[in-house]
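S.K.: Data: structure_5.pdb, PDB, C-alpha atoms.
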MODEL        1
ATOM      1  CA  MET A   2      -3.818 -72.308  43.758
ATOM      2  CA  LYS A   3      -5.602 -69.334  45.354
ATOM      3  CA  LYS A   4      -7.469 -71.662  47.663
ATOM      4  CA  LYS A   5      -4.167 -73.105  48.847
ATOM      5  CA  ILE A   6      -2.819 -69.628  49.584
ATOM      6  CA  LEU A   7      -5.987 -68.745  51.485
ATOM      7  CA  ILE A   8      -5.708 -71.890  53.591
ATOM      8  CA  SER A   9      -2.021 -71.299  54.425
ATOM      9  CA  PRO A  10      -2.645 -68.815  57.325
ATOM     10  CA  ILE A  11      -4.957 -71.373  58.931
ATOM     11  CA  ILE A  12      -2.270 -74.051  58.583
ATOM     12  CA  VAL A  13       0.346 -71.692  60.058
ATOM     13  CA  PHE A  14      -2.052 -70.855  62.904
ATOM     14  CA  PHE A  15      -2.593 -74.517  63.760
ATOM     15  CA  LEU A  16       1.132 -75.196  63.465
ATOM     16  CA  ILE A  17       1.885 -72.436  65.965
ATOM     17  CA  LEU A  18      -0.942 -73.730  68.183
ATOM     18  CA  PHE A  19       0.568 -77.211  68.034
ATOM     19  CA  ILE A  20       4.028 -75.883  69.010
ATOM     20  CA  PHE A  21       2.530 -73.955  71.951
ATOM     21  CA  PHE A  22       0.565 -77.010  73.050
ATOM     22  CA  TYR A  23       3.652 -79.216  72.775
ATOM     23  CA  LEU A  24       5.715 -76.779  74.896
ATOM     24  CA  LEU A  25       2.884 -76.733  77.420
ATOM     25  CA  ILE A  26       2.705 -80.495  77.930
ATOM     26  CA  ILE A  27       6.412 -81.434  77.905
ATOM     27  CA  ASP A  28       8.249 -81.579  81.222
ATOM     28  CA  ARG A  29      10.046 -78.248  81.370
ATOM     29  CA  ASN A  30      10.278 -75.125  83.454
ATOM     30  CA  PRO A  31       9.213 -72.213  81.213
ATOM     31  CA  SER A  32      10.997 -69.635  83.368
ATOM     32  CA  GLU A  33      14.303 -71.544  83.217
ATOM     33  CA  LEU A  34      16.922 -69.703  81.246
ATOM     34  CA  PRO A  35      19.687 -71.413  79.299
ATOM     35  CA  SER A  36      23.140 -70.385  80.523
ATOM     36  CA  VAL A  37      25.296 -68.483  78.055
ATOM     37  CA  LEU A  38      28.329 -69.725  79.946
ATOM     38  CA  ILE A  39      27.958 -73.307  78.712
ATOM     39  CA  ASN A  40      31.104 -74.401  76.811
ATOM     40  CA  LYS A  41      32.949 -71.333  78.046
ATOM     41  CA  LYS A  42      35.832 -71.138  80.500
ATOM     42  CA  VAL A  43      34.946 -70.545  84.141
ATOM     43  CA  PRO A  44      34.860 -66.852  85.086
ATOM     44  CA  ALA A  45      38.070 -65.400  86.484
ATOM     45  CA  PHE A  46      37.600 -64.345  90.098
ATOM     46  CA  GLU A  47      39.170 -64.299  93.512
ATOM     47  CA  ALA A  48      37.222 -65.216  96.606
ATOM     48  CA  LYS A  49      37.792 -65.766 100.294
ATOM     49  CA  SER A  50      37.289 -69.172 101.773
ATOM     50  CA  LEU A  51      34.687 -69.603 104.508
ATOM     51  CA  LEU A  52      36.505 -72.227 106.558
ATOM     52  CA  GLU A  53      40.154 -71.502 105.831
ATOM     53  CA  ASN A  54      42.209 -68.349 105.751
ATOM     54  CA  LYS A  55      42.910 -68.760 102.037
ATOM     55  CA  THR A  56      42.090 -67.020  98.790
ATOM     56  CA  PHE A  57      40.615 -69.066  95.971
ATOM     57  CA  VAL A  58      41.830 -68.027  92.532
ATOM     58  CA  SER A  59      39.851 -68.979  89.441
ATOM     59  CA  PRO A  60      40.449 -70.407  86.840
ATOM     60  CA  LYS A  61      43.687 -71.777  88.377
ATOM     61  CA  GLU A  62      41.816 -74.129  90.706
ATOM     62  CA  PHE A  63      39.631 -75.712  88.014
ATOM     63  CA  LYS A  64      42.130 -78.143  86.606
ATOM     64  CA  ASN A  65      42.795 -81.878  86.306
ATOM     65  CA  GLU A  66      39.383 -83.099  87.451
ATOM     66  CA  THR A  67      35.655 -82.573  87.050
ATOM     67  CA  THR A  68      34.450 -79.995  89.546
ATOM     68  CA  ILE A  69      30.945 -79.254  90.726
ATOM     69  CA  VAL A  70      30.201 -75.652  91.672
ATOM     70  CA  ASN A  71      27.200 -75.277  93.929
ATOM     71  CA  PHE A  72      25.669 -71.962  94.983
ATOM     72  CA  PHE A  73      23.860 -72.239  98.309
ATOM     73  CA  ALA A  74      22.730 -70.277 101.343
ATOM     74  CA  THR A  75      21.385 -71.167 104.767
ATOM     75  CA  TRP A  76      18.264 -69.055 104.122
ATOM     76  CA  CYS A  77      17.411 -71.134 101.056
ATOM     77  CA  LYS A  78      15.048 -74.016 101.852
ATOM     78  CA  PRO A  79      15.667 -75.997  98.623
ATOM     79  CA  CYS A  80      19.409 -75.883  99.457
ATOM     80  CA  LEU A  81      18.630 -77.731 102.678
ATOM     81  CA  ASP A  82      16.681 -80.373 100.724
ATOM     82  CA  GLU A  83      19.531 -80.672  98.243
ATOM     83  CA  HIS A  84      22.262 -81.090 100.862
ATOM     84  CA  PRO A  85      21.980 -84.909 101.325
ATOM     85  CA  TYR A  86      22.414 -85.368  97.552
ATOM     86  CA  LEU A  87      25.545 -83.203  97.543
ATOM     87  CA  LYS A  88      26.925 -85.366 100.359
ATOM     88  CA  LYS A  89      26.070 -88.443  98.311
ATOM     89  CA  LEU A  90      27.920 -86.995  95.302
ATOM     90  CA  SER A  91      30.934 -86.241  97.436
ATOM     91  CA  ASN A  92      31.007 -89.458  99.510
ATOM     92  CA  GLU A  93      29.851 -92.071  97.019
ATOM     93  CA  LYS A  94      31.079 -90.587  93.745
ATOM     94  CA  GLY A  95      34.146 -88.868  95.192
ATOM     95  CA  LEU A  96      33.432 -85.660  93.319
ATOM     96  CA  LYS A  97      35.141 -82.386  94.057
ATOM     97  CA  ILE A  98      32.437 -79.895  95.000
ATOM     98  CA  ILE A  99      33.098 -76.211  95.507
ATOM     99  CA  GLY A 100      30.381 -74.465  97.450
ATOM    100  CA  ILE A 101      29.697 -70.774  97.030
ATOM    101  CA  ASN A 102      27.897 -69.360 100.029
ATOM    102  CA  TYR A 103      25.694 -66.725  98.437
ATOM    103  CA  LYS A 104      24.682 -63.562 100.340
ATOM    104  CA  ASP A 105      24.734 -65.298 103.673
ATOM    105  CA  ASP A 106      25.832 -64.860 107.244
ATOM    106  CA  SER A 107      29.206 -66.623 107.519
ATOM    107  CA  LYS A 108      28.745 -67.695 111.157
ATOM    108  CA  ARG A 109      25.393 -69.217 110.358
ATOM    109  CA  ALA A 110      26.851 -70.973 107.303
ATOM    110  CA  ILE A 111      29.647 -72.543 109.402
ATOM    111  CA  LYS A 112      27.101 -73.797 111.961
ATOM    112  CA  TRP A 113      24.905 -75.110 109.125
ATOM    113  CA  LEU A 114      27.800 -77.135 107.676
ATOM    114  CA  GLU A 115      28.816 -78.422 111.120
ATOM    115  CA  LYS A 116      25.267 -79.618 111.727
ATOM    116  CA  LEU A 117      24.488 -81.110 108.321
ATOM    117  CA  GLY A 118      27.973 -82.220 107.255
ATOM    118  CA  ASN A 119      30.296 -80.608 104.746
ATOM    119  CA  PRO A 120      30.291 -82.090 101.235
ATOM    120  CA  TYR A 121      32.449 -79.260  99.866
ATOM    121  CA  SER A 122      36.181 -79.415  99.251
ATOM    122  CA  ASN A 123      36.177 -75.640  99.591
ATOM    123  CA  VAL A 124      33.497 -73.125 100.505
ATOM    124  CA  LEU A 125      33.802 -69.597  99.111
ATOM    125  CA  ILE A 126      31.917 -66.576 100.323
ATOM    126  CA  ASP A 127      29.954 -64.254  98.071
ATOM    127  CA  PRO A 128      28.560 -61.581 100.400
ATOM    128  CA  ASN A 129      27.623 -59.033  97.715
ATOM    129  CA  ALA A 130      26.472 -61.419  94.931
ATOM    130  CA  SER A 131      29.395 -60.505  92.661
ATOM    131  CA  LEU A 132      30.349 -64.178  92.120
ATOM    132  CA  GLY A 133      26.707 -65.000  91.501
ATOM    133  CA  ILE A 134      26.503 -62.355  88.774
ATOM    134  CA  ASP A 135      29.781 -63.587  87.255
ATOM    135  CA  TRP A 136      28.240 -67.062  86.960
ATOM    136  CA  GLY A 137      24.926 -65.737  85.589
ATOM    137  CA  LEU A 138      23.039 -66.837  88.698
ATOM    138  CA  TYR A 139      19.367 -65.881  88.985
ATOM    139  CA  GLY A 140      18.085 -68.144  91.737
ATOM    140  CA  LEU A 141      19.192 -70.531  94.448
ATOM    141  CA  PRO A 142      20.388 -73.252  94.411
ATOM    142  CA  GLU A 143      22.232 -73.499  91.126
ATOM    143  CA  THR A 144      24.835 -76.144  90.305
ATOM    144  CA  PHE A 145      27.413 -76.106  87.535
ATOM    145  CA  ILE A 146      29.530 -78.956  86.190
ATOM    146  CA  VAL A 147      33.011 -77.853  85.128
ATOM    147  CA  ASN A 148      35.217 -80.286  83.223
ATOM    148  CA  SER A 149      38.938 -80.895  83.785
ATOM    149  CA  ASN A 150      39.832 -78.162  81.280
ATOM    150  CA  GLY A 151      37.976 -75.568  83.303
ATOM    151  CA  VAL A 152      35.062 -75.380  80.850
ATOM    152  CA  ILE A 153      31.481 -75.081  82.136
ATOM    153  CA  LYS A 154      29.514 -77.953  80.608
ATOM    154  CA  TYR A 155      26.192 -77.947  82.409
ATOM    155  CA  ARG A 156      24.009 -75.864  84.704
ATOM    156  CA  LEU A 157      21.207 -77.117  86.894
ATOM    157  CA  VAL A 158      18.749 -74.467  88.035
ATOM    158  CA  GLY A 159      17.053 -75.577  91.234
ATOM    159  CA  PRO A 160      17.995 -78.331  93.641
ATOM    160  CA  ILE A 161      19.413 -81.793  92.998
ATOM    161  CA  THR A 162      16.577 -84.054  94.073
ATOM    162  CA  LYS A 163      15.783 -87.757  94.244
ATOM    163  CA  LYS A 164      14.108 -87.340  90.853
ATOM    164  CA  ASN A 165      17.033 -85.752  88.982
ATOM    165  CA  TYR A 166      19.994 -87.218  90.932
ATOM    166  CA  ASP A 167      20.724 -90.056  88.477
ATOM    167  CA  ALA A 168      20.410 -87.742  85.478
ATOM    168  CA  PHE A 169      22.815 -85.330  87.161
ATOM    169  CA  VAL A 170      25.376 -88.111  87.803
ATOM    170  CA  LEU A 171      25.061 -89.099  84.150
ATOM    171  CA  LYS A 172      25.775 -85.492  83.119
ATOM    172  CA  VAL A 173      28.905 -85.540  85.298
ATOM    173  CA  THR A 174      30.218 -88.627  83.486
ATOM    174  CA  GLU A 175      29.345 -87.138  80.097
ATOM    175  CA  VAL A 176      31.301 -83.885  80.500
ATOM    176  CA  GLU A 177      34.671 -85.565  80.069
ATOM    177  CA  LYS A 178      33.693 -87.363  76.864
TER     178      LYS A 178
ATOM    179  CA  MET B 202     -24.652 -51.689  86.705
ATOM    180  CA  GLN B 203     -23.199 -48.994  84.444
ATOM    181  CA  ARG B 204     -21.859 -47.165  87.475
ATOM    182  CA  ILE B 205     -20.111 -50.275  88.734
ATOM    183  CA  LEU B 206     -18.565 -50.863  85.326
ATOM    184  CA  LEU B 207     -17.466 -47.228  85.094
ATOM    185  CA  THR B 208     -15.917 -47.354  88.574
ATOM    186  CA  MET B 209     -14.089 -50.563  87.658
ATOM    187  CA  LEU B 210     -12.825 -48.990  84.440
ATOM    188  CA  ILE B 211     -11.580 -45.861  86.228
ATOM    189  CA  TYR B 212      -9.916 -48.062  88.862
ATOM    190  CA  LEU B 213      -8.186 -50.130  86.205
ATOM    191  CA  MET B 214      -6.988 -47.051  84.331
ATOM    192  CA  THR B 215      -5.670 -45.279  87.407
ATOM    193  CA  SER B 216      -4.025 -48.423  88.794
ATOM    194  CA  GLN B 217      -2.125 -48.663  85.521
ATOM    195  CA  ILE B 218      -0.893 -45.087  85.934
ATOM    196  CA  VAL B 219       0.130 -45.756  89.527
ATOM    197  CA  THR B 220       1.965 -49.011  88.761
ATOM    198  CA  LYS B 221       3.626 -47.491  85.721
ATOM    199  CA  ASN B 222       5.231 -44.899  87.973
ATOM    200  CA  CYS B 223       6.349 -47.393  90.599
ATOM    201  CA  TYR B 224      10.094 -47.738  90.815
ATOM    202  CA  SER B 225      12.040 -49.875  93.195
ATOM    203  CA  VAL B 226      15.246 -47.874  93.376
ATOM    204  CA  GLU B 227      15.976 -47.275  97.038
ATOM    205  CA  PRO B 228      17.389 -43.951  98.309
ATOM    206  CA  ASP B 229      20.687 -45.527  99.393
ATOM    207  CA  GLU B 230      21.293 -46.691  95.822
ATOM    208  CA  PHE B 231      21.218 -43.197  94.273
ATOM    209  CA  LEU B 232      24.411 -41.756  92.833
ATOM    210  CA  GLN B 233      25.425 -38.277  93.972
ATOM    211  CA  ASN B 234      25.958 -37.060  90.425
ATOM    212  CA  PRO B 235      22.494 -36.500  88.805
ATOM    213  CA  LYS B 236      23.829 -37.101  85.270
ATOM    214  CA  LYS B 237      25.331 -40.463  86.267
ATOM    215  CA  GLU B 238      22.172 -41.365  88.182
ATOM    216  CA  LEU B 239      20.073 -40.623  85.077
ATOM    217  CA  ARG B 240      22.368 -42.893  83.020
ATOM    218  CA  ALA B 241      21.997 -45.647  85.615
ATOM    219  CA  ARG B 242      18.199 -45.282  85.536
ATOM    220  CA  ASN B 243      18.110 -45.432  81.743
ATOM    221  CA  ILE B 244      20.254 -48.568  81.668
ATOM    222  CA  SER B 245      18.171 -50.159  84.439
ATOM    223  CA  LYS B 246      14.995 -49.549  82.429
ATOM    224  CA  ASN B 247      16.446 -51.610  79.565
ATOM    225  CA  VAL B 248      17.603 -54.512  81.725
ATOM    226  CA  ARG B 249      15.218 -57.370  82.451
ATOM    227  CA  CYS B 250      14.732 -58.682  85.955
ATOM    228  CA  LEU B 251      15.502 -62.389  85.538
ATOM    229  CA  VAL B 252      13.476 -63.336  88.582
ATOM    230  CA  CYS B 253      10.223 -61.628  87.508
ATOM    231  CA  GLN B 254      11.090 -61.777  83.775
ATOM    232  CA  ASN B 255       8.413 -59.257  82.733
ATOM    233  CA  GLN B 256       9.747 -56.261  84.609
ATOM    234  CA  SER B 257      12.848 -54.151  84.272
ATOM    235  CA  ILE B 258      15.301 -54.085  87.181
ATOM    236  CA  ASP B 259      14.278 -50.439  87.655
ATOM    237  CA  GLU B 260      10.749 -51.578  88.568
ATOM    238  CA  SER B 261      11.520 -54.860  90.292
ATOM    239  CA  SER B 262      12.024 -55.236  94.003
ATOM    240  CA  ALA B 263      13.664 -58.679  93.658
ATOM    241  CA  PRO B 264      17.052 -58.951  95.434
ATOM    242  CA  LEU B 265      18.832 -59.821  92.161
ATOM    243  CA  ALA B 266      17.388 -56.673  90.540
ATOM    244  CA  LYS B 267      18.786 -54.613  93.410
ATOM    245  CA  ASP B 268      22.201 -56.298  93.066
ATOM    246  CA  LEU B 269      22.234 -55.506  89.348
ATOM    247  CA  ARG B 270      21.196 -51.886  89.957
ATOM    248  CA  ILE B 271      24.053 -51.504  92.440
ATOM    249  CA  LEU B 272      26.460 -53.171  89.991
ATOM    250  CA  ILE B 273      25.419 -50.804  87.163
ATOM    251  CA  ARG B 274      25.988 -47.782  89.414
ATOM    252  CA  LYS B 275      29.371 -49.169  90.469
ATOM    253  CA  LYS B 276      30.381 -49.650  86.837
ATOM    254  CA  ILE B 277      29.257 -46.108  85.967
ATOM    255  CA  GLY B 278      31.331 -44.878  88.922
ATOM    256  CA  HIS B 279      34.338 -46.750  87.521
ATOM    257  CA  GLY B 280      33.917 -44.934  84.216
ATOM    258  CA  ASN B 281      32.435 -47.777  82.137
ATOM    259  CA  SER B 282      30.413 -46.786  79.077
ATOM    260  CA  ASP B 283      26.772 -47.881  78.593
ATOM    261  CA  GLU B 284      27.888 -50.348  75.919
ATOM    262  CA  GLU B 285      30.493 -51.882  78.223
ATOM    263  CA  ILE B 286      27.851 -52.344  80.915
ATOM    264  CA  TYR B 287      25.375 -53.954  78.493
ATOM    265  CA  ASN B 288      28.177 -56.223  77.207
ATOM    266  CA  PHE B 289      29.114 -57.222  80.747
ATOM    267  CA  LEU B 290      25.515 -58.232  81.455
ATOM    268  CA  THR B 291      24.880 -60.086  78.176
ATOM    269  CA  GLU B 292      28.149 -62.028  78.535
ATOM    270  CA  ARG B 293      26.749 -63.486  81.761
ATOM    271  CA  TYR B 294      23.008 -63.618  81.172
ATOM    272  CA  GLY B 295      22.632 -63.581  77.381
ATOM    273  CA  ASP B 296      20.528 -61.244  75.235
ATOM    274  CA  PHE B 297      17.467 -62.214  77.270
ATOM    275  CA  ILE B 298      18.569 -59.745  79.929
ATOM    276  CA  LEU B 299      17.941 -56.889  77.497
ATOM    277  CA  LEU B 300      14.304 -55.836  77.253
ATOM    278  CA  ASN B 301      15.034 -54.638  73.747
ATOM    279  CA  PRO B 302      16.821 -57.531  71.997
ATOM    280  CA  PRO B 303      19.600 -56.519  69.572
ATOM    281  CA  PHE B 304      19.209 -57.060  65.826
ATOM    282  CA  LYS B 305      21.606 -59.888  64.921
ATOM    283  CA  ILE B 306      21.575 -63.326  63.244
ATOM    284  CA  GLY B 307      20.340 -65.082  66.388
ATOM    285  CA  THR B 308      17.393 -62.703  66.760
ATOM    286  CA  LEU B 309      16.682 -62.274  63.031
ATOM    287  CA  PHE B 310      13.459 -64.327  63.119
ATOM    288  CA  LEU B 311      12.259 -62.418  66.156
ATOM    289  CA  TRP B 312      12.514 -59.116  64.275
ATOM    290  CA  ILE B 313      11.492 -60.239  60.793
ATOM    291  CA  LEU B 314       8.644 -62.686  61.495
ATOM    292  CA  PRO B 315       6.049 -60.054  62.549
ATOM    293  CA  PHE B 316       6.606 -58.210  59.234
ATOM    294  CA  VAL B 317       6.382 -61.516  57.325
ATOM    295  CA  PHE B 318       3.067 -62.310  59.027
ATOM    296  CA  VAL B 319       1.699 -58.818  58.310
ATOM    297  CA  ALA B 320       2.752 -59.170  54.647
ATOM    298  CA  ILE B 321       1.073 -62.584  54.413
ATOM    299  CA  GLY B 322      -2.044 -61.108  56.044
ATOM    300  CA  ILE B 323      -2.199 -58.183  53.600
ATOM    301  CA  PHE B 324      -1.626 -60.546  50.674
ATOM    302  CA  VAL B 325      -4.433 -62.858  51.816
ATOM    303  CA  ILE B 326      -6.834 -59.905  52.314
ATOM    304  CA  PHE B 327      -6.084 -58.598  48.805
ATOM    305  CA  LEU B 328      -6.527 -62.043  47.332
ATOM    306  CA  HIS B 329      -9.800 -62.506  49.163
ATOM    307  CA  ASN B 330     -11.025 -59.037  48.046
ATOM    308  CA  ASP B 331     -10.148 -59.869  44.465
ATOM    309  CA  LYS B 332     -12.098 -63.099  44.703
ATOM    310  CA  SER B 333     -15.183 -61.391  46.219
ATOM    311  CA  LYS B 334     -15.123 -58.705  43.528
ATOM    312  CA  LYS B 335     -15.100 -61.341  40.834
ATOM    313  CA  LEU B 336     -17.991 -63.090  42.550
ATOM    314  CA  ASP B 337     -19.915 -59.778  42.633
ATOM    315  CA  TYR B 338     -19.376 -59.265  38.906
ATOM    316  CA  ASN B 339     -20.549 -62.754  38.150
ATOM    317  CA  LYS B 340     -23.791 -61.984  39.968
TER     318      LYS B 340
ENDMDL
END
Would you write out, as structure tokens, the structure that this file holds?
M.R.:
Amino acid sequence: MKKKILISPIIVFFLILFIFFYLLIIDRNPSELPSVLINKKVPAFEAKSLLENKTFVSPKEFKNETTIVNFFATWCKPCLDEHPYLKKLSNEKGLKIIGINYKDDSKRAIKWLEKLGNPYSNVLIDPNASLGIDWGLYGLPETFIVNSNGVIKYRLVGPITKKNYDAFVLKVTEVEK
Amino acid sequence: MQRILLTMLIYLMTSQIVTKNCYSVEPDEFLQNPKKELRARNISKNVRCLVCQNQSIDESSAPLAKDLRILIRKKIGHGNSDEEIYNFLTERYGDFILLNPPFKIGTLFLWILPFVFVAIGIFVIFLHNDKSKKLDYNK
């Protein structure tokens, strides 16, 4: 009995070691934080539109269909890499994508969209990062999937790439289930 | 050799002192009211920079840390209490944003496990001592 008790710390040690080793080898980003906004209603906010003279009012505009919310900026290189995949989502899948232009120069953002194409149904401006903070943003780009009830179902930290595009599309179909 | 080691040790010790006193708050961020500014600094010291993750926003020069420092000062200016500010931040970023996690069901293991491990350790040491004593007597 005593022997068993004496061995237990060694077993616990190896168990912890195994967990650490497992976390080390699986495909994950250790600095990625889970969003606390998952399964919660979209934040309430008002924002100006980049391309139109309109005010966007949330959560009023997140209704009836799945909406993708994408934070981007012209100074963000991964956003540039992600752009073709956003166009693909918009053109091929017909998804409604709302872009939030984060801490950027509006003129430059307009030129950027003219040059690369505009996959967004609406582009909002966030000059002082207040929308970013409301959405719990901590890096760029970040993409959220909001279901037709205005509930945030998924967050992708980092760009949509060739590697994760299919998985992202699958997530979009899953949010309405 | 000893001299080199001593110099390295002194360098390490002093660099710690220097970095410990490094703050990233910029002059334009300061509040006019010293009491409010002190409150903002104290809150900032308890809020984690989510970009660096091992620094407080008071020490971090990351743009997000600056945005959060400005936001905290704005909220203090609007008359929000410290608790309201912490709540605002945790509602958006979770408890991880606090450098000192709160004691609640979700963080129970985090707080209790170190004590459990210490208790197990003490128990094992006592048990081992007991066993050695018995062995000594048998000799």
S.K.: Calculated over only C-alpha atoms, which of the candidates A:Val158, A:Val152, A:Ile134, A:Leu24 has the smallest distance to B:Leu290?
M.R.: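 Closest to B:Leu290, using only C-alpha atoms: A:Ile134.
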S.K.: Using atom CA of A:Val37 and atom CA of B:Asp296 as the two end points, give the distance in Å to one decimal.
M.R.: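 Computing it gives 9.1 Å between the two atoms.
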S.K.: Contacts of B:Phe297 at 10 Å or less, counting all atoms listed in the file, minus same-chain residues fewer than 3 places along, as number ranges by chain?
M.R.: A: 34-35; B: 248-251, 254, 290-291, 294, 300-303
S.K.: Using all atoms listed in the file, can you list as a VMD selection string the residues within 12 Å of (-6.7, -68.3, 57.1)?
M.R.: (chain A and resid 3 to 15) or (chain B and resid 318 321 to 326 328 to 329)
S.K.: Please measure the separation of atom CA of B:Leu299 and atom CA of A:Gly100, giving the value in Å to one decimal.
M.R.: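 We find that atom CA of B:Leu299 and atom CA of A:Gly100 lie 29.4 Å from each other.
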S.K.: Choose the residue, out of B:Thr208, B:Ser282, B:Lys236, B:Lys267, that has the smallest atom-to-atom separation from chain A; count all atoms listed in the file.
M.R.: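 Looking only at the distances to chain A, the closest residue turns out to be B:Lys267.
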S.K.: Atom CA of B:Ile244 and atom CA of B:Ser257, how far apart in Å?
M.R.: 9.6 Å
S.K.: Please tabulate, as a tab-separated table, the residues of chain A that come within 7 Å of chain B, each with its closest pair of atoms and the distance in Å to one decimal, counting all atoms listed in the file and ordering rows by chain, then residue number upward.
M.R.:
residue	atom	partner	partner_atom	distance
A:Leu7	CA	B:Val325	CA	6.1
A:Ser36	CA	B:Tyr294	CA	6.8
A:Val37	CA	B:Gly295	CA	5.6
A:Leu38	CA	B:Arg293	CA	6.7
A:Ala130	CA	B:Asp268	CA	6.9
A:Asp135	CA	B:Arg293	CA	6.3
A:Trp136	CA	B:Arg293	CA	6.5
A:Gly137	CA	B:Arg293	CA	4.8
A:Tyr139	CA	B:Leu251	CA	6.2
S.K.: Enclose all atoms of stretch 107-116 of chain A listed in the file in an axis-aligned box, grow every side by 6 Å, and hand back centre and edge lengths in Å to one decimal, as AutoDock Vina command-line options.
M.R.:
--center_x 27.3 --center_y -73.1 --center_z 109.6 --size_x 16.7 --size_y 25.0 --size_z 16.7
S.K.: As a CSV table (one decimal), in the coordinates of the input, please: stretch 132-150 of chain A completed to N, CA and C atoms.
M.R.:
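File out_6.csv, as written:
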chain,number,residue,atom,x,y,z
A,132,LEU,N,30.0,-62.9,92.7
A,132,LEU,CA,30.3,-64.2,92.1
A,132,LEU,C,29.1,-64.7,91.4
A,133,GLY,N,28.0,-64.5,92.1
A,133,GLY,CA,26.7,-65.0,91.5
A,133,GLY,C,26.5,-64.4,90.1
A,134,ILE,N,26.7,-63.1,90.0
A,134,ILE,CA,26.5,-62.4,88.8
A,134,ILE,C,27.5,-62.8,87.7
A,135,ASP,N,28.8,-63.1,88.2
A,135,ASP,CA,29.8,-63.6,87.3
A,135,ASP,C,29.4,-64.9,86.7
A,136,TRP,N,28.7,-65.7,87.4
A,136,TRP,CA,28.2,-67.1,87.0
A,136,TRP,C,26.8,-67.0,86.3
A,137,GLY,N,26.3,-65.9,86.2
A,137,GLY,CA,24.9,-65.7,85.6
A,137,GLY,C,23.8,-66.3,86.5
A,138,LEU,N,24.0,-66.2,87.8
A,138,LEU,CA,23.0,-66.8,88.7
A,138,LEU,C,21.8,-66.0,88.8
A,139,TYR,N,20.6,-66.7,88.8
A,139,TYR,CA,19.4,-65.9,89.0
A,139,TYR,C,18.4,-66.5,90.0
A,140,GLY,N,18.9,-67.5,90.7
A,140,GLY,CA,18.1,-68.1,91.7
A,140,GLY,C,19.0,-69.1,92.5
A,141,LEU,N,18.4,-69.6,93.6
A,141,LEU,CA,19.2,-70.5,94.4
A,141,LEU,C,18.4,-71.8,94.6
A,142,PRO,N,19.0,-73.0,94.7
A,142,PRO,CA,20.4,-73.3,94.4
A,142,PRO,C,20.6,-73.4,92.9
A,143,GLU,N,21.8,-73.2,92.5
A,143,GLU,CA,22.2,-73.5,91.1
A,143,GLU,C,23.5,-74.3,91.2
A,144,THR,N,23.6,-75.3,90.3
A,144,THR,CA,24.8,-76.1,90.3
A,144,THR,C,25.4,-76.2,88.9
A,145,PHE,N,26.7,-76.1,88.8
A,145,PHE,CA,27.4,-76.1,87.5
A,145,PHE,C,28.4,-77.3,87.5
A,146,ILE,N,28.5,-77.9,86.3
A,146,ILE,CA,29.5,-79.0,86.2
A,146,ILE,C,30.6,-78.4,85.3
A,147,VAL,N,31.9,-78.4,85.8
A,147,VAL,CA,33.0,-77.9,85.1
A,147,VAL,C,33.9,-79.0,84.8
A,148,ASN,N,34.3,-79.1,83.6
A,148,ASN,CA,35.2,-80.3,83.2
A,148,ASN,C,36.7,-80.0,83.6
A,149,SER,N,37.5,-81.0,83.3
A,149,SER,CA,38.9,-80.9,83.8
A,149,SER,C,39.7,-79.8,83.1
A,150,ASN,N,39.2,-79.3,82.0
A,150,ASN,CA,39.8,-78.2,81.3
A,150,ASN,C,39.3,-76.8,81.8
